[in-house]
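Below is input.txt, which holds compact mmCIF, C-alpha atoms and all ligand atoms.
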```txt
# COMPACT_ATOMS: atom_id res chain seq x y z
CA MET A 160 109.07 98.52 88.73
CA THR A 161 112.12 100.76 88.76
CA SER A 162 115.64 99.47 89.40
CA ALA A 163 119.36 99.75 88.63
CA GLY A 164 122.71 101.05 89.88
CA GLY A 165 122.29 101.65 93.64
CA ARG A 166 118.90 103.37 93.22
CA PRO A 167 116.00 101.87 95.18
CA VAL A 168 114.03 99.09 93.59
CA SER A 169 110.43 100.11 93.84
CA SER A 170 107.00 98.79 92.93
CA GLU A 171 103.49 100.19 93.11
CA ALA A 172 100.92 98.28 95.17
CA PRO A 173 97.52 99.30 93.78
CA ALA A 174 94.15 98.99 95.47
CA LYS A 175 92.45 95.65 94.73
CA LEU A 176 88.71 95.83 94.21
CA ASN A 177 86.15 93.04 94.04
CA PHE A 178 83.66 94.25 91.41
CA TYR A 179 81.46 91.35 92.49
CA LEU A 180 82.09 88.67 95.10
CA HIS A 181 79.95 85.53 95.38
CA VAL A 182 80.60 83.16 98.26
CA THR A 183 80.10 79.80 96.54
CA GLY A 184 80.96 77.38 99.37
CA ARG A 185 83.04 76.70 102.44
CA ARG A 186 86.01 74.35 102.72
CA ALA A 187 86.54 71.93 105.59
CA ASP A 188 89.34 74.19 106.92
CA GLY A 189 86.89 77.10 107.28
CA TYR A 190 88.08 79.14 104.27
CA HIS A 191 85.33 80.29 101.94
CA GLU A 192 85.23 79.52 98.23
CA LEU A 193 84.60 82.50 96.01
CA ASP A 194 83.77 83.65 92.53
CA SER A 195 84.95 87.22 92.13
CA LEU A 196 85.87 89.77 89.46
CA ILE A 197 89.15 91.34 90.57
CA VAL A 198 90.14 94.79 89.35
CA PHE A 199 93.16 96.93 90.27
CA ALA A 200 92.78 100.65 90.74
CA ALA A 201 94.50 103.81 91.93
CA PRO A 202 95.60 104.91 94.51
CA PHE A 203 98.73 102.95 95.27
CA ASP A 204 100.91 102.05 98.20
CA ARG A 205 104.59 101.89 97.22
CA VAL A 206 107.21 99.38 98.36
CA SER A 207 110.88 100.34 97.85
CA ALA A 208 114.08 98.64 98.94
CA VAL A 209 117.83 99.29 98.93
CA PRO A 210 120.63 96.87 99.86
CA ALA A 211 121.51 96.78 103.58
CA LYS A 212 123.24 94.54 106.12
CA ASP A 213 120.05 93.64 107.98
CA LEU A 214 116.35 93.70 107.41
CA SER A 215 114.49 96.90 108.32
CA LEU A 216 111.10 98.37 107.45
CA GLU A 217 110.17 102.05 107.53
CA LEU A 218 106.60 103.22 107.15
CA SER A 219 105.44 106.52 105.70
CA GLY A 220 102.24 107.95 104.26
CA PRO A 221 98.83 108.88 105.69
CA PHE A 222 97.98 105.36 106.94
CA ALA A 223 101.41 104.47 108.40
CA GLY A 224 100.16 105.32 111.89
CA GLU A 225 97.25 102.88 111.64
CA LEU A 226 99.61 100.08 110.61
CA ASN A 227 101.93 100.85 113.51
CA ALA A 228 98.95 100.90 115.86
CA ALA A 229 97.85 97.46 114.58
CA GLY A 230 101.09 96.08 116.12
CA GLY A 231 102.65 92.73 115.27
CA GLN A 232 104.99 92.06 112.40
CA ASN A 233 104.08 93.83 109.16
CA LEU A 234 103.16 91.50 106.27
CA VAL A 235 105.92 93.10 104.17
CA GLU A 236 108.50 92.07 106.76
CA ILE A 237 107.05 88.55 106.97
CA THR A 238 107.15 88.40 103.16
CA ALA A 239 110.84 89.40 103.13
CA ARG A 240 111.77 86.74 105.68
CA ARG A 241 109.81 84.00 103.94
CA LEU A 242 111.20 84.87 100.49
CA ALA A 243 114.77 84.84 101.84
CA GLU A 244 114.10 81.48 103.52
CA LEU A 245 112.79 80.03 100.24
CA ALA A 246 115.89 81.33 98.42
CA GLY A 247 118.25 80.14 101.18
CA ILE A 248 119.73 83.59 101.80
CA GLN A 249 119.83 86.07 104.69
CA PRO A 250 117.03 88.66 104.55
CA ALA A 251 118.97 91.91 104.14
CA ALA A 252 117.32 95.05 102.80
CA CYS A 253 116.16 98.45 103.95
CA ILE A 254 112.51 98.47 102.89
CA THR A 255 110.15 101.43 102.89
CA LEU A 256 106.38 101.16 102.64
CA ASP A 257 104.50 104.29 101.65
CA LYS A 258 101.00 103.57 102.97
CA GLN A 259 98.42 105.51 100.94
CA LEU A 260 95.61 102.93 101.19
CA PRO A 261 93.41 102.53 104.26
CA VAL A 262 94.20 99.53 106.47
CA ALA A 263 91.88 96.49 106.90
CA ALA A 264 89.57 98.15 104.40
CA GLY A 265 88.61 95.59 101.74
CA VAL A 266 90.95 97.05 99.12
CA GLY A 267 93.64 94.41 99.56
CA GLY A 268 96.27 96.86 100.80
CA GLY A 269 98.24 94.35 102.88
CA SER A 270 98.06 91.70 100.14
CA SER A 271 99.07 94.22 97.47
CA ASP A 272 102.00 95.36 99.64
CA ALA A 273 103.11 91.72 100.09
CA ALA A 274 102.94 91.14 96.32
CA ALA A 275 104.91 94.33 95.66
CA ALA A 276 107.50 93.24 98.25
CA LEU A 277 107.87 89.90 96.41
CA ARG A 278 108.48 91.77 93.12
CA VAL A 279 110.90 94.26 94.67
CA LEU A 280 112.97 91.78 96.70
CA THR A 281 113.13 89.20 93.89
CA SER A 282 114.72 91.94 91.81
CA LEU A 283 116.92 93.41 94.58
CA TRP A 284 118.26 89.99 95.60
CA GLN A 285 118.46 88.88 91.93
CA LEU A 286 116.54 85.69 92.66
CA ASN A 287 115.44 83.29 89.99
CA ILE A 288 112.53 81.56 91.66
CA ASP A 289 110.20 79.18 89.88
CA LEU A 290 106.84 80.90 89.28
CA ASP A 291 104.88 78.05 90.90
CA ASP A 292 107.04 78.31 94.04
CA LEU A 293 106.51 82.08 94.12
CA GLN A 294 102.72 81.68 93.77
CA ALA A 295 102.74 79.03 96.55
CA LEU A 296 104.67 81.41 98.79
CA ALA A 297 102.20 84.19 97.89
CA LEU A 298 99.23 82.00 98.85
CA SER A 299 100.85 81.05 102.16
CA LEU A 300 101.02 84.80 102.95
CA GLY A 301 97.29 85.34 102.32
CA ALA A 302 94.47 84.21 100.03
CA ASP A 303 94.56 87.50 98.06
CA VAL A 304 98.34 87.74 97.59
CA PRO A 305 98.47 85.56 94.40
CA MET A 306 95.89 87.77 92.65
CA CYS A 307 97.88 90.87 93.64
CA LEU A 308 101.08 89.27 92.31
CA HIS A 309 99.19 88.57 89.05
CA GLY A 310 98.15 92.24 89.08
CA LYS A 311 95.68 92.13 86.19
CA THR A 312 91.89 92.17 85.92
CA CYS A 313 90.83 88.54 86.39
CA PHE A 314 88.24 86.17 87.77
CA ALA A 315 89.26 84.55 91.05
CA GLY A 316 87.98 81.14 92.19
CA GLY A 317 89.00 78.71 94.90
CA ILE A 318 89.69 80.75 98.03
CA GLY A 319 90.93 83.51 95.74
CA GLU A 320 94.01 81.80 94.32
CA ARG A 321 92.60 80.23 91.13
CA LEU A 322 92.94 83.01 88.60
CA GLU A 323 91.48 83.12 85.11
CA ALA A 324 91.46 85.82 82.45
CA ALA A 325 88.44 88.12 82.43
CA PRO A 326 87.08 90.13 79.47
CA ALA A 327 88.68 93.53 78.92
CA LEU A 328 86.95 96.24 80.94
CA PRO A 329 86.22 99.74 79.67
CA ASP A 330 88.20 102.77 80.79
CA CYS A 331 85.74 103.89 83.44
CA ALA A 332 86.37 105.90 86.57
CA LEU A 333 85.56 105.26 90.22
CA VAL A 334 85.08 106.97 93.54
CA LEU A 335 86.36 105.03 96.56
CA VAL A 336 85.05 105.75 100.06
CA ASN A 337 86.06 104.38 103.44
CA PRO A 338 84.16 105.73 106.45
CA GLY A 339 87.26 105.55 108.64
CA LEU A 340 86.60 102.08 109.85
CA SER A 341 88.72 98.89 109.95
CA LEU A 342 86.92 95.58 109.57
CA ALA A 343 88.70 92.27 110.25
CA THR A 344 88.14 89.92 107.30
CA PRO A 345 87.52 86.78 109.45
CA ASN A 346 84.80 88.58 111.43
CA VAL A 347 82.95 89.50 108.25
CA PHE A 348 83.18 85.97 106.79
CA ASN A 349 82.04 84.52 110.14
CA ALA A 350 79.02 86.86 110.30
CA ARG A 351 77.83 85.64 106.87
CA ASN A 352 74.99 83.12 106.94
CA GLY A 353 72.43 81.69 104.55
CA ALA A 354 72.77 79.86 101.26
CA PHE A 355 75.77 80.04 98.98
CA THR A 356 75.60 81.87 95.65
CA ALA A 357 76.34 80.36 92.24
CA PRO A 358 79.37 81.59 90.26
CA ALA A 359 78.42 84.23 87.68
CA ARG A 360 81.28 84.76 85.26
CA PHE A 361 80.63 86.47 81.95
CA ASP A 362 82.24 86.35 78.50
CA GLU A 363 81.25 89.62 76.88
CA ALA A 364 83.56 92.65 77.14
CA PRO A 365 81.37 95.60 78.26
CA ALA A 366 81.74 98.55 75.87
CA ASP A 367 81.40 101.29 78.48
CA ALA A 368 80.65 102.02 82.14
CA ALA A 369 76.89 101.69 81.55
CA ALA A 370 77.30 98.18 80.11
CA LEU A 371 79.68 97.19 82.92
CA ALA A 372 77.26 98.54 85.55
CA GLU A 373 74.44 96.49 83.98
CA ILE A 374 76.52 93.29 84.19
CA LEU A 375 77.55 94.02 87.79
CA ALA A 376 73.99 94.92 88.86
CA ALA A 377 73.02 91.30 88.16
CA ARG A 378 75.72 90.21 90.61
CA ARG A 379 76.58 91.28 94.16
CA ASN A 380 79.02 91.23 97.03
CA ASP A 381 77.85 88.51 99.42
CA LEU A 382 79.94 90.05 102.22
CA GLU A 383 78.01 93.34 102.06
CA ALA A 384 75.15 92.13 104.32
CA PRO A 385 77.40 90.73 107.12
CA ALA A 386 79.70 93.78 106.90
CA LYS A 387 76.68 96.11 107.25
CA MET A 388 75.57 94.15 110.32
CA LEU A 389 78.98 94.78 111.90
CA ALA A 390 79.23 98.36 110.63
CA PRO A 391 75.85 99.94 109.73
CA VAL A 392 77.64 103.09 108.43
CA ILE A 393 78.43 101.08 105.27
CA ASP A 394 74.76 101.49 104.32
CA ASP A 395 75.18 105.30 104.56
CA VAL A 396 78.27 105.11 102.36
CA LEU A 397 76.47 103.02 99.74
CA HIS A 398 73.48 105.39 99.71
CA ALA A 399 75.74 108.43 99.44
CA LEU A 400 77.69 106.86 96.55
CA ALA A 401 74.50 105.76 94.73
CA SER A 402 73.03 109.29 94.99
CA LEU A 403 76.02 111.07 93.42
CA PRO A 404 75.39 112.60 89.97
CA GLY A 405 76.66 110.21 87.31
CA SER A 406 77.01 107.24 89.67
CA ARG A 407 76.15 104.06 87.76
CA LEU A 408 76.57 101.48 90.53
CA ALA A 409 77.62 101.53 94.19
CA ARG A 410 79.04 98.44 95.90
CA MET A 411 81.27 97.38 98.77
CA SER A 412 84.65 95.82 97.94
CA GLY A 413 86.01 92.65 99.56
CA SER A 414 85.08 92.34 103.23
CA GLY A 415 84.65 96.13 103.52
CA ALA A 416 84.31 98.72 104.67
CA THR A 417 85.56 100.50 101.50
CA CYS A 418 82.86 100.98 98.86
CA PHE A 419 83.15 102.15 95.26
CA ALA A 420 80.92 103.80 92.69
CA LEU A 421 81.33 103.50 88.95
CA PHE A 422 81.39 106.59 86.67
CA ASP A 423 81.68 107.15 82.92
CA ASP A 424 84.87 109.21 83.11
CA CYS A 425 87.40 110.89 85.40
CA ASP A 426 85.73 114.32 85.25
CA ALA A 427 82.48 112.86 86.62
CA ALA A 428 84.33 110.93 89.34
CA VAL A 429 86.43 113.95 90.41
CA ALA A 430 83.32 116.18 90.62
CA ALA A 431 81.42 113.52 92.59
CA ALA A 432 84.32 112.98 95.03
CA HIS A 433 84.56 116.75 95.54
CA ALA A 434 80.82 117.02 96.29
CA LEU A 435 80.91 114.09 98.71
CA ARG A 436 83.92 115.48 100.59
CA ALA A 437 81.95 118.63 101.34
CA GLN A 438 79.31 116.50 103.12
CA HIS A 439 81.56 113.93 104.84
CA ARG A 440 84.83 115.50 105.92
CA ASP A 441 85.74 112.53 108.12
CA TRP A 442 85.45 109.91 105.33
CA TRP A 443 88.38 108.85 103.14
CA ILE A 444 87.13 109.79 99.66
CA THR A 445 89.17 109.54 96.49
CA PRO A 446 88.52 109.56 92.75
CA SER A 447 90.10 106.55 91.12
CA ARG A 448 90.48 104.75 87.82
CA ILE A 449 90.82 101.14 86.72
CA ILE A 450 94.40 100.16 85.90
CA HIS A 451 94.91 98.10 82.77
CA PRO A 452 98.45 96.68 83.12
CA VAL A 453 99.98 95.24 79.92
O1 LIG B 501 94.17 84.49 103.76
P1 LIG B 501 93.96 85.69 104.62
O2 LIG B 501 94.92 85.77 105.76
O3 LIG B 501 93.89 86.96 103.87
O4 LIG B 501 92.51 85.49 105.26
C1 LIG B 501 92.14 86.06 106.48
C2 LIG B 501 90.93 85.31 107.01
O5 LIG B 501 89.78 85.59 106.20
C3 LIG B 501 91.03 83.80 107.01
O6 LIG B 501 91.66 83.32 108.17
C4 LIG B 501 89.59 83.37 106.94
O7 LIG B 501 88.98 83.47 108.21
C5 LIG B 501 88.96 84.45 106.07
N1 LIG B 501 88.88 84.05 104.66
C6 LIG B 501 87.94 83.11 104.26
N2 LIG B 501 87.86 82.76 102.95
C7 LIG B 501 88.67 83.32 102.03
C8 LIG B 501 89.63 84.28 102.41
C9 LIG B 501 89.71 84.63 103.75
O8 LIG B 501 87.18 82.59 105.08
N3 LIG B 501 88.56 82.97 100.76
```
Rewrite the structure from the file as structure tokens, please.
Ligand code: C5P
Amino acid sequence: MTSAGGRPVSSEAPAKLNFYLHVTGRRADGYHELDSLIVFAAPFDRVSAVPAKDLSLELSGPFAGELNAAGGQNLVEITARRLAELAGIQPAACITLDKQLPVAAGVGGGSSDAAAALRVLTSLWQLNIDLDDLQALALSLGADVPMCLHGKTCFAGGIGERLEAAPALPDCALVLVNPGLSLATPNVFNARNGAFTAPARFDEAPADAAALAEILAARRNDLEAPAKMLAPVIDDVLHALASLPGSRLARMSGSGATCFALFDDCDAAVAAAHALRAQHRDWWITPSRIIHPV
């Protein structure tokens, strides 16, 4: 996060990927219980804020239009109001959201933006809020917001809010693909049926992409089947990703429709993304890398 002397306070909001996602149960309130390996990756949205008399939000970036089209109050604006309420102050800031991540895409963009807004506004408003209160506020904004506030590779349990350290992951590269399709998370969860899956955490730190792919291949994303039912093009994306030279594993993230493939290094991922773009000009395709925050 950058700050100081009149300059904007700013924070990156990376993509959040579920390297595996097992639906382990369902609570009485309808929320699903999960066991998931959470990883953060490029690219990033960016939330910035400067002092102002009132609260305002400006959107920029390639996916700003989609957010505008979605209508309603943006989660960043809701976050600002709720944080100010918790702190007992007036919400006053000029916030900008640079939207580089696809919307309603299974990469946690909205949740990551909300978490970045919490970081930025806590700093801008010089708040000293108890960490438990901040995590509770994060959870009230969405099940994935606490993990995005945490911002590090972790296992997530509960409905996504119970976070535990995961083994260190190797420096492998990724290709992310979204076929230009928004999927509403509740619809995907509601389309899921069948038995629940046992949790499948692991202790060993994989040495390289091959070892990580082997661990992940023994796990899955339980939301892939219902998402494919709602959007069969996801199957095409997964096949395309699996067929790329050097691709070690292809999987959907979150509730979709974004999918990722795992590669040994950035050169392989960049070449694969380039090749795929030539075949699918209407898909959002980007090489990516795992972020290892300290
Ligand atoms: O918490 P969030 O607003 O991100 O969740 C959106 C919807 O996704 C929930 O209302 C619920 O239908 C579904 N969901 C779920 N189980 C989770 C997370 C989300 O059923 N663990």
(request) Please identify every polymer residue within 7 Å of ligand LIG 501 (chain B), using all atoms listed in the file, and present the set as JSON, numbers by chain. (result) {"A": [189, 190, 191, 192, 193, 300, 301, 302, 303, 318, 319, 344, 345, 348]}
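The residue that comes closest to A:Asp424, out of A:Arg166, A:Arg321, A:Arg448, A:Arg278 and on the basis of all atoms listed in the file, is A:Arg448.
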(message) Please list as a VMD selection string every residue within 9 Å of A:Asn337, counting only C-alpha atoms and excluding residues in the same chain fewer than 2 positions away.
(response) chain A and resid 261 264 335 339 to 341 393 396 415 to 419 442 to 444
Quick one: residues within 10 Å of A:Leu403, only C-alpha atoms counted, chain neighbours fewer than 3 positions away excluded, as an mmCIF file with C-alpha atoms, in the frame of the given file?
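Once written, selection-v8.cif looks like this:
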```cif
data_model
loop_
_atom_site.group_PDB
_atom_site.id
_atom_site.type_symbol
_atom_site.label_atom_id
_atom_site.label_comp_id
_atom_site.auth_asym_id
_atom_site.auth_seq_id
_atom_site.Cartn_x
_atom_site.Cartn_y
_atom_site.Cartn_z
ATOM 1 C CA VAL A 334 85.080 106.970 93.540
ATOM 2 C CA HIS A 398 73.480 105.390 99.710
ATOM 3 C CA ALA A 399 75.740 108.430 99.440
ATOM 4 C CA LEU A 400 77.690 106.860 96.550
ATOM 5 C CA SER A 406 77.010 107.240 89.670
ATOM 6 C CA ARG A 407 76.150 104.060 87.760
ATOM 7 C CA ALA A 409 77.620 101.530 94.190
ATOM 8 C CA ALA A 420 80.920 103.800 92.690
ATOM 9 C CA PHE A 422 81.390 106.590 86.670
ATOM 10 C CA ALA A 427 82.480 112.860 86.620
ATOM 11 C CA ALA A 428 84.330 110.930 89.340
ATOM 12 C CA ALA A 430 83.320 116.180 90.620
ATOM 13 C CA ALA A 431 81.420 113.520 92.590
ATOM 14 C CA ALA A 432 84.320 112.980 95.030
ATOM 15 C CA ALA A 434 80.820 117.020 96.290
ATOM 16 C CA LEU A 435 80.910 114.090 98.710
#
```
(message) Taking 4 positions as the minimum chain separation for residues in the same chain, which residues sit within 10 Å of A:Ala252 when counting all atoms listed in the file? Answer as a VMD selection string.
(response) chain A and resid 207 to 216 239 280 283 to 284
